[in-house]
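Heads up, my_file_34.txt below (compact mmCIF, C-alpha atoms):
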```
# COMPACT_ATOMS: atom_id res chain seq x y z
CA MET A 1 2.46 -18.82 26.46
CA SER A 2 5.95 -18.63 24.93
CA ALA A 3 8.20 -21.71 24.72
CA ILE A 4 8.73 -23.32 28.10
CA GLU A 5 12.28 -24.37 28.82
CA LYS A 6 14.75 -24.67 31.65
CA GLY A 7 14.98 -21.29 33.37
CA THR A 8 11.53 -20.04 32.32
CA GLU A 9 10.13 -17.92 35.14
CA LEU A 10 6.50 -18.16 36.23
CA PRO A 11 4.46 -14.97 36.78
CA LEU A 12 4.68 -13.87 40.43
CA LEU A 13 1.73 -14.47 42.73
CA SER A 14 1.26 -12.26 45.82
CA LEU A 15 -1.48 -13.25 48.24
CA ARG A 16 -2.73 -11.97 51.55
CA VAL A 17 -3.79 -14.60 54.08
CA THR A 18 -6.23 -13.43 56.74
CA ARG A 19 -7.75 -15.12 59.79
CA ALA A 20 -10.96 -15.49 57.76
CA ASP A 21 -8.99 -17.48 55.15
CA LEU A 22 -7.70 -19.78 57.90
CA VAL A 23 -11.19 -20.39 59.26
CA ARG A 24 -12.46 -21.14 55.79
CA TYR A 25 -9.57 -23.50 55.05
CA ALA A 26 -10.06 -25.24 58.42
CA GLY A 27 -13.66 -26.01 57.47
CA ALA A 28 -12.93 -27.03 53.89
CA SER A 29 -9.96 -29.25 54.78
CA GLY A 30 -11.16 -30.64 58.10
CA ASP A 31 -7.93 -29.53 59.80
CA LEU A 32 -9.32 -28.03 63.01
CA ASN A 33 -6.02 -27.81 64.92
CA PRO A 34 -6.52 -24.76 67.21
CA ILE A 35 -3.01 -23.37 66.50
CA HIS A 36 -4.62 -22.13 63.26
CA TRP A 37 -7.40 -20.13 64.97
CA SER A 38 -6.65 -19.65 68.68
CA ASP A 39 -3.89 -17.29 69.85
CA ARG A 40 -4.27 -18.78 73.32
CA VAL A 41 -3.43 -22.30 72.11
CA ALA A 42 -0.81 -21.12 69.59
CA THR A 43 1.18 -19.14 72.17
CA SER A 44 0.84 -21.94 74.76
CA VAL A 45 2.86 -24.24 72.44
CA GLY A 46 5.53 -21.58 71.85
CA LEU A 47 4.32 -20.02 68.59
CA PRO A 48 4.29 -16.21 68.19
CA GLY A 49 0.55 -16.41 67.45
CA VAL A 50 -1.92 -18.10 65.11
CA ILE A 51 -0.13 -19.59 62.09
CA ALA A 52 -1.45 -20.63 58.68
CA HIS A 53 -1.97 -24.33 57.97
CA GLY A 54 1.16 -25.57 56.20
CA MET A 55 -1.17 -27.31 53.78
CA LEU A 56 -2.88 -23.98 52.99
CA THR A 57 0.49 -22.39 52.14
CA MET A 58 1.24 -25.47 50.01
CA ALA A 59 -2.16 -25.16 48.26
CA LEU A 60 -1.64 -21.42 47.59
CA ALA A 61 1.83 -22.13 46.17
CA GLY A 62 0.20 -24.78 43.98
CA ARG A 63 -1.99 -22.06 42.44
CA LEU A 64 1.16 -20.44 41.04
CA VAL A 65 1.71 -23.63 39.04
CA THR A 66 -1.88 -24.45 38.04
CA GLN A 67 -2.50 -20.85 36.94
CA TRP A 68 0.63 -20.88 34.80
CA ALA A 69 0.13 -24.35 33.29
CA GLY A 70 -3.60 -23.70 32.88
CA ASP A 71 -4.91 -27.02 34.19
CA PRO A 72 -4.98 -28.38 37.78
CA ALA A 73 -5.54 -31.86 36.27
CA GLY A 74 -2.04 -31.64 34.76
CA VAL A 75 -0.18 -31.75 38.09
CA ARG A 76 1.68 -35.09 38.37
CA SER A 77 3.49 -34.54 41.64
CA TYR A 78 4.01 -31.85 44.22
CA GLY A 79 6.15 -31.79 47.34
CA VAL A 80 7.28 -29.26 49.95
CA ARG A 81 9.08 -28.99 53.27
CA PHE A 82 7.53 -26.66 55.82
CA THR A 83 10.52 -24.69 57.03
CA ARG A 84 9.00 -21.62 58.78
CA PRO A 85 5.50 -20.73 59.93
CA VAL A 86 3.37 -18.00 58.32
CA VAL A 87 2.13 -15.95 61.27
CA VAL A 88 -1.29 -14.47 60.56
CA PRO A 89 -2.22 -11.37 62.61
CA ASP A 90 -5.78 -10.68 63.75
CA ASP A 91 -6.32 -7.68 61.44
CA ASP A 92 -7.81 -6.94 58.02
CA GLU A 93 -4.51 -7.04 56.10
CA GLY A 94 -3.37 -10.49 57.18
CA ALA A 95 -0.01 -11.95 56.15
CA LEU A 96 1.52 -11.22 52.76
CA VAL A 97 3.01 -14.30 51.09
CA GLU A 98 4.81 -14.00 47.75
CA PHE A 99 5.24 -16.95 45.43
CA SER A 100 7.65 -17.27 42.52
CA GLY A 101 8.71 -20.20 40.40
CA LYS A 102 11.25 -21.27 37.82
CA VAL A 103 11.33 -24.24 35.46
CA ALA A 104 14.11 -26.59 36.59
CA ASP A 105 13.77 -28.87 33.58
CA VAL A 106 11.32 -30.12 30.96
CA VAL A 107 11.12 -33.79 29.98
CA ASP A 108 9.10 -35.82 27.48
CA ALA A 109 7.17 -38.38 29.52
CA GLU A 110 6.58 -41.96 28.37
CA ASP A 111 2.91 -41.25 27.72
CA GLY A 112 3.79 -38.58 25.13
CA THR A 113 3.16 -35.57 27.39
CA ARG A 114 5.69 -32.85 28.13
CA VAL A 115 6.26 -32.37 31.85
CA ALA A 116 7.90 -29.32 33.45
CA ARG A 117 9.50 -29.55 36.87
CA VAL A 118 8.96 -26.22 38.62
CA ALA A 119 10.95 -25.05 41.65
CA ILE A 120 8.75 -22.83 43.81
CA THR A 121 9.80 -20.13 46.30
CA ALA A 122 7.40 -18.85 48.97
CA MET A 123 8.43 -15.72 50.88
CA PHE A 124 6.89 -14.31 54.06
CA ASP A 125 8.39 -11.52 56.14
CA GLY A 126 11.57 -11.58 54.02
CA LYS A 127 12.22 -15.30 54.55
CA THR A 128 11.34 -18.51 52.72
CA VAL A 129 8.61 -20.60 54.34
CA LEU A 130 8.76 -23.63 52.04
CA GLY A 131 11.84 -25.70 51.26
CA ARG A 132 12.49 -27.95 48.26
CA ALA A 133 9.06 -26.99 46.88
CA THR A 134 8.77 -28.74 43.53
CA ALA A 135 5.84 -29.53 41.24
CA GLU A 136 5.74 -31.60 38.09
CA VAL A 137 3.07 -30.40 35.68
CA VAL A 138 2.05 -31.19 32.12
CA VAL A 139 2.73 -28.30 29.72
CA ALA A 140 1.91 -27.68 26.07
CA HIS A 141 4.18 -29.06 23.34
CA MET B 1 6.39 -43.81 74.79
CA VAL B 2 5.92 -44.55 71.09
CA ASP B 3 5.23 -48.17 70.19
CA THR B 4 7.91 -48.88 67.57
CA SER B 5 6.24 -52.17 66.59
CA PHE B 6 3.94 -50.10 64.35
CA VAL B 7 6.87 -49.30 62.02
CA GLY B 8 6.59 -51.34 58.83
CA ARG B 9 2.89 -51.99 59.34
CA ALA B 10 -0.01 -51.06 57.07
CA LEU B 11 -3.16 -49.83 58.83
CA ASP B 12 -6.72 -50.86 57.98
CA PRO B 13 -8.09 -49.45 54.68
CA VAL B 14 -10.64 -46.62 54.86
CA THR B 15 -12.92 -45.60 51.97
CA TYR B 16 -13.89 -42.01 51.18
CA ARG B 17 -16.41 -40.74 48.63
CA VAL B 18 -15.25 -37.53 46.96
CA GLY B 19 -18.13 -35.05 46.92
CA ARG B 20 -18.57 -32.55 44.11
CA GLU B 21 -19.47 -29.79 46.57
CA LYS B 22 -16.48 -30.68 48.78
CA ILE B 23 -14.20 -30.09 45.78
CA ARG B 24 -15.93 -26.78 45.07
CA GLU B 25 -15.69 -25.74 48.75
CA PHE B 26 -11.99 -26.66 48.84
CA ALA B 27 -11.21 -24.86 45.56
CA LEU B 28 -12.93 -21.70 46.83
CA ALA B 29 -11.10 -21.92 50.20
CA ILE B 30 -7.69 -21.94 48.48
CA GLY B 31 -8.77 -19.46 45.78
CA GLU B 32 -8.16 -21.91 42.91
CA GLY B 33 -9.51 -20.09 39.87
CA ALA B 34 -9.54 -22.92 37.31
CA LEU B 35 -13.12 -23.50 36.15
CA VAL B 36 -12.64 -27.30 36.01
CA CYS B 37 -12.57 -27.17 39.84
CA THR B 38 -15.81 -25.22 40.29
CA ASP B 39 -17.91 -25.38 37.10
CA ILE B 40 -19.33 -28.78 36.12
CA ASP B 41 -19.90 -27.75 32.49
CA ALA B 42 -16.30 -26.58 32.16
CA ALA B 43 -15.07 -29.82 33.76
CA ARG B 44 -17.12 -31.98 31.36
CA ALA B 45 -16.08 -29.87 28.36
CA ALA B 46 -12.46 -30.61 29.33
CA GLY B 47 -13.22 -34.34 29.29
CA HIS B 48 -13.64 -35.00 33.03
CA SER B 49 -16.61 -36.89 34.47
CA ASP B 50 -17.03 -34.36 37.31
CA LEU B 51 -15.24 -31.44 39.01
CA VAL B 52 -11.44 -31.84 39.23
CA ALA B 53 -9.92 -31.66 42.71
CA PRO B 54 -6.98 -29.27 43.19
CA PRO B 55 -3.71 -31.24 43.69
CA THR B 56 -3.58 -30.87 47.48
CA PHE B 57 -7.22 -31.98 47.97
CA THR B 58 -5.98 -35.55 48.62
CA VAL B 59 -4.66 -34.40 51.96
CA THR B 60 -8.19 -33.47 53.14
CA PHE B 61 -9.10 -37.15 53.40
CA THR B 62 -5.67 -38.63 54.22
CA LEU B 63 -4.69 -36.18 56.99
CA PRO B 64 -7.75 -36.94 59.20
CA LEU B 65 -6.86 -40.66 59.03
CA ILE B 66 -3.29 -39.79 59.99
CA THR B 67 -4.60 -37.64 62.87
CA ASP B 68 -6.75 -40.53 64.17
CA PHE B 69 -3.71 -42.81 64.16
CA LEU B 70 -1.48 -40.22 65.88
CA LYS B 71 -4.08 -39.58 68.60
CA ASP B 72 -4.49 -43.31 69.26
CA PRO B 73 -3.00 -43.90 72.75
CA ALA B 74 -1.83 -47.33 71.52
CA PHE B 75 0.79 -45.61 69.33
CA GLY B 76 1.83 -43.15 72.07
CA TRP B 77 2.59 -40.08 69.90
CA ASP B 78 2.61 -36.56 71.46
CA TYR B 79 0.08 -34.96 69.11
CA SER B 80 -0.07 -31.61 70.98
CA ARG B 81 3.60 -30.84 70.13
CA MET B 82 3.44 -32.08 66.56
CA VAL B 83 4.72 -30.18 63.53
CA HIS B 84 4.04 -31.09 59.89
CA ALA B 85 7.56 -31.07 58.43
CA ASP B 86 7.25 -32.38 54.90
CA GLN B 87 4.50 -33.34 52.46
CA SER B 88 4.61 -34.84 49.01
CA ILE B 89 1.80 -35.90 46.71
CA THR B 90 2.03 -38.01 43.56
CA LEU B 91 -1.10 -38.09 41.44
CA HIS B 92 -1.35 -41.13 39.17
CA ARG B 93 -4.49 -39.49 37.76
CA PRO B 94 -6.57 -36.45 38.77
CA VAL B 95 -9.10 -36.95 41.59
CA VAL B 96 -12.65 -36.07 40.46
CA GLY B 97 -16.06 -35.76 42.09
CA GLY B 98 -17.77 -39.11 42.69
CA ASP B 99 -14.48 -41.01 43.11
CA GLU B 100 -14.63 -43.75 45.71
CA LEU B 101 -11.12 -43.85 47.11
CA THR B 102 -9.58 -46.28 49.56
CA THR B 103 -6.61 -45.15 51.63
CA VAL B 104 -4.10 -47.40 53.37
CA ILE B 105 -1.57 -45.77 55.70
CA HIS B 106 1.86 -47.38 55.73
CA VAL B 107 3.97 -46.58 58.79
CA GLU B 108 7.20 -46.28 56.87
CA ASP B 109 9.87 -44.88 59.13
CA LEU B 110 10.51 -43.57 62.65
CA LYS B 111 13.70 -41.84 63.67
CA ALA B 112 14.84 -40.12 66.87
CA ARG B 113 17.22 -37.19 66.82
CA ALA B 114 18.10 -34.63 69.50
CA GLY B 115 14.89 -35.08 71.50
CA SER B 116 12.65 -35.17 68.43
CA LEU B 117 10.82 -38.03 66.80
CA MET B 118 10.44 -38.00 63.00
CA LEU B 119 7.71 -40.20 61.59
CA THR B 120 7.16 -40.91 57.89
CA LEU B 121 3.72 -42.10 56.83
CA ARG B 122 2.86 -43.08 53.26
CA CYS B 123 -0.75 -43.21 52.10
CA GLU B 124 -1.62 -45.35 49.08
CA VAL B 125 -4.94 -44.22 47.55
CA THR B 126 -6.69 -46.58 45.12
CA ASP B 127 -9.99 -46.78 43.22
CA PRO B 128 -12.54 -49.64 43.60
CA ASP B 129 -10.65 -51.68 40.94
CA GLY B 130 -7.46 -51.35 42.96
CA ALA B 131 -5.84 -48.97 40.47
CA ALA B 132 -3.43 -46.45 42.00
CA VAL B 133 -4.85 -42.92 42.16
CA ALA B 134 -2.47 -41.10 44.51
CA THR B 135 0.49 -41.68 46.80
CA THR B 136 1.06 -39.16 49.57
CA THR B 137 3.97 -39.05 52.00
CA SER B 138 3.92 -37.01 55.21
CA MET B 139 6.79 -36.42 57.60
CA LEU B 140 5.64 -35.46 61.08
CA VAL B 141 7.81 -34.37 63.99
CA THR B 142 7.10 -34.29 67.70
CA GLN B 143 9.06 -34.26 70.96
CA GLY B 144 10.14 -37.57 72.41
CA GLU B 145 12.73 -40.32 72.49
CA LEU B 146 12.82 -43.97 71.52
```

Rewrite the structure of this file - the entire thing - as structure tokens.
Amino acid sequence: MSAIEKGTELPLLSLRVTRADLVRYAGASGDLNPIHWSDRVATSVGLPGVIAHGMLTMALAGRLVTQWAGDPAGVRSYGVRFTRPVVVPDDDEGALVEFSGKVADVVDAEDGTRVARVAITAMFDGKTVLGRATAEVVVAH
Amino acid sequence: MVDTSFVGRALDPVTYRVGREKIREFALAIGEGALVCTDIDAARAAGHSDLVAPPTFTVTFTLPLITDFLKDPAFGWDYSRMVHADQSITLHRPVVGGDELTTVIHVEDLKARAGSLMLTLRCEVTDPDGAAVATTTSMLVTQGEL
């Protein structure tokens, strides 16, 4: 990895989210809300169809950062706003979500580590689905 | 009608044991490729006592507690119309397999705006010695008025 500084861009991450991914995440996370697996329930509350768990989108966006920094144990903080739903069709292709990130700043923490603050963008269907998505992660000196 | 007397209160603590296989299952479900999340030898070689949980794993044991509270008729929240608006996680140290973690939900803030209710809940997660492990904050929105 070359020197990390303000403005450093993270490698892009493009992921397809299918209904099978939602079922798997529902089981692993314990979030069994039917808007994430039942079109009947999703449309009854005004959604266009089944949507991805916001927390799944947040977790996938987190992979952009852990993959780049190389260590999930190095994440100090992570926050997002859920601004738009990711609608997941009942087909084999699923929904394409594209993640990008840029280093907003790098600071030397009190414990001697170097911490990068990364601003993350998540795009689905030409629009952002996460707002103010920011992670603080330990990076190499 | 939401019972506003809950605002400012801390709910009863609940303890959760982090399972190694739960971490592995969660890491596979989100496609986390780091070996410290799925391979015990790799985790130990990196200096961890067990598998390392991906950063958002904390929500798997705090969100069900939040759901129980929001479905409690005593609070009066419309769970069926709820949207998760905002989530932040601060990790004071990584969560690893075998951790025994106690969560206390703090009902921090409740606001009404244009027919919506916005509720902020903060979860303080500690180890058996009382040391801070994680702080999570969730903002949840539903329909309603105060």

For the point (8.8, -32.9, 55.5) in file coordinates, what residues are within 8 Å, counting only C-alpha atoms? Give the answer as a compact mmCIF listing (two decimals) with C-alpha atoms, keeping the file's coordinate frame?
```
# COMPACT_ATOMS: atom_id res chain seq x y z
CA VAL A 80 7.28 -29.26 49.95
CA ARG A 81 9.08 -28.99 53.27
CA PHE A 82 7.53 -26.66 55.82
CA HIS B 84 4.04 -31.09 59.89
CA ALA B 85 7.56 -31.07 58.43
CA ASP B 86 7.25 -32.38 54.90
CA GLN B 87 4.50 -33.34 52.46
CA SER B 88 4.61 -34.84 49.01
CA SER B 138 3.92 -37.01 55.21
CA MET B 139 6.79 -36.42 57.60
CA LEU B 140 5.64 -35.46 61.08
```

For this session: Grab the CA of Val17 in chain A to CA of Gly62 in chain A distance for me, in Å with one decimal place.
Result: 14.9 Å

For this session: Output the contact residues of chain A with respect to chain B at a cut-off of 9 Å, based on all atoms listed in the file, as an MDAnalysis selection string.
Result: chainID A and resid 21:22 24:31 45 54:60 62:63 66:67 70:83 131

Seminar exercise, completed: Separating CA of Asp50 in chain B from CA of Gly19 in chain B, to the nearest tenth of an Å, is a gap of 9.7 Å

For this session: Quote the spacing between CA of Asp105 in chain A and CA of Arg132 in chain A in Å to one decimal place.
Result: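 These two atoms are separated by 14.8 Å.
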
Problem set entry | 9 Å contact set for Ile66 in chain B, all atoms listed in the file, chain neighbours under 3 positions out, as a list in words |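 Final neighbour list, sorted by chain and number: Thr62, Leu63, Phe69, Leu70, Lys71, Ile105, Leu121 and Cys123 of chain B.
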
Exercise. Nearest to Pro11 in chain A: which of A:Val103, A:Ala95, A:Ala52, A:Leu64 is it, counting only C-alpha atoms?
Worked result: A:Leu64

Exercise. Taking into account only C-alpha atoms, which residue in the set A:Ile4, A:Ala42, A:Ala133, A:Ile35 is nearest to Ala119 in chain A?
Worked result: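 Smallest distance to Ala119 in chain A is found for A:Ala133.
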
For this session: Show which residues sit within 10 Å of Asp39 in chain A, as a PyMOL selection string. Count all atoms listed in the file, and ignore same-chain residues fewer than 3 positions away.
Result: chain A and resi 34-36+42-44+47-51+89-90

For this session: Pick out the residues sitting within 12 Å of Lys6 in chain A, and hand them over as number ranges by chain; count all atoms listed in the file, and ignore anything fewer than 5 positions along from it in its own chain.
Result: A: 101-107, 115-119

For this session: Show which residues sit within 7 Å of Pro128 in chain B, as a list in words. Count only C-alpha atoms, and ignore same-chain residues fewer than 2 positions away.
Result: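 Once the adjacent positions are removed, what remains is Glu100, Leu101, Thr126 and Gly130 of chain B.
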
For this session: List the residues sitting within 6 Å of (3.5, -43.8, 65.9) in the file's frame, using only C-alpha atoms, as a PyMOL selection string.
Result: chain B and resi 2+75+77

Problem set entry | Phe99 in chain A surroundings by all atoms listed in the file, 7 Å radius, close-in-sequence under 4 positions cut, as a list in words |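 Surrounding residues, per the criterion: Leu12, Leu13, Ser14, Ala61, Leu64, Thr121, Ala122 and Met123 of chain A.
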
Emit a file covering range 63-137 of chain B of the preceding structure with C-alpha atoms, as a short mmCIF file (atom, residue, chain, number, x, y, z; two decimals), in the first residue's frame.
```
data_model
loop_
_atom_site.label_atom_id
_atom_site.label_comp_id
_atom_site.auth_asym_id
_atom_site.auth_seq_id
_atom_site.Cartn_x
_atom_site.Cartn_y
_atom_site.Cartn_z
CA LEU B 63 -30.85 -4.61 17.66
CA PRO B 64 -32.95 -7.53 19.03
CA LEU B 65 -32.96 -5.82 22.46
CA ILE B 66 -34.04 -2.59 20.78
CA THR B 67 -36.78 -4.49 18.90
CA ASP B 68 -38.09 -6.01 22.17
CA PHE B 69 -38.31 -2.54 23.70
CA LEU B 70 -40.01 -1.03 20.63
CA LYS B 71 -42.59 -3.84 20.51
CA ASP B 72 -43.38 -3.44 24.22
CA PRO B 73 -46.96 -2.03 24.36
CA ALA B 74 -45.90 -0.06 27.48
CA PHE B 75 -43.77 2.21 25.27
CA GLY B 76 -46.45 2.54 22.56
CA TRP B 77 -44.19 2.70 19.46
CA ASP B 78 -45.62 1.85 15.99
CA TYR B 79 -43.10 -0.85 15.06
CA SER B 80 -44.83 -1.84 11.78
CA ARG B 81 -44.11 1.60 10.23
CA MET B 82 -40.59 1.91 11.57
CA VAL B 83 -37.54 2.88 9.52
CA HIS B 84 -33.92 2.60 10.66
CA ALA B 85 -32.61 6.10 9.89
CA ASP B 86 -29.12 6.26 11.33
CA GLN B 87 -26.61 3.93 12.95
CA SER B 88 -23.23 4.54 14.49
CA ILE B 89 -20.85 2.17 16.22
CA THR B 90 -17.80 3.02 18.31
CA LEU B 91 -15.55 0.09 19.15
CA HIS B 92 -13.39 0.65 22.23
CA ARG B 93 -11.78 -2.71 21.38
CA PRO B 94 -12.59 -5.46 18.86
CA VAL B 95 -15.32 -7.96 19.84
CA VAL B 96 -14.00 -11.55 19.81
CA GLY B 97 -15.46 -15.02 20.24
CA GLY B 98 -16.12 -15.96 23.87
CA ASP B 99 -16.76 -12.36 24.96
CA GLU B 100 -19.46 -12.02 27.59
CA LEU B 101 -21.00 -8.65 26.86
CA THR B 102 -23.61 -6.73 28.81
CA THR B 103 -25.76 -4.20 26.98
CA VAL B 104 -27.69 -1.34 28.56
CA ILE B 105 -30.06 0.64 26.33
CA HIS B 106 -30.31 4.34 27.13
CA VAL B 107 -33.42 6.06 25.78
CA GLU B 108 -31.63 9.22 24.82
CA ASP B 109 -33.94 11.40 22.79
CA LEU B 110 -37.43 11.55 21.27
CA LYS B 111 -38.52 14.22 18.85
CA ALA B 112 -41.70 14.78 16.82
CA ARG B 113 -41.64 16.45 13.43
CA ALA B 114 -44.25 16.59 10.67
CA GLY B 115 -46.13 13.47 11.77
CA SER B 116 -42.97 11.47 12.45
CA LEU B 117 -41.37 10.41 15.70
CA MET B 118 -37.57 10.23 15.86
CA LEU B 119 -36.12 8.13 18.65
CA THR B 120 -32.43 7.94 19.58
CA LEU B 121 -31.27 4.91 21.54
CA ARG B 122 -27.71 4.47 22.79
CA CYS B 123 -26.40 1.05 23.76
CA GLU B 124 -23.44 0.83 26.12
CA VAL B 125 -21.73 -2.58 25.81
CA THR B 126 -19.31 -3.63 28.58
CA ASP B 127 -17.28 -6.70 29.56
CA PRO B 128 -17.66 -8.56 32.92
CA ASP B 129 -15.16 -6.14 34.55
CA GLY B 130 -17.31 -3.20 33.46
CA ALA B 131 -14.79 -2.03 30.84
CA ALA B 132 -16.34 -0.33 27.80
CA VAL B 133 -16.29 -2.51 24.68
CA ALA B 134 -18.67 -0.72 22.31
CA THR B 135 -21.11 2.18 22.14
CA THR B 136 -23.80 2.03 19.48
CA THR B 137 -26.35 4.71 18.64
#
```
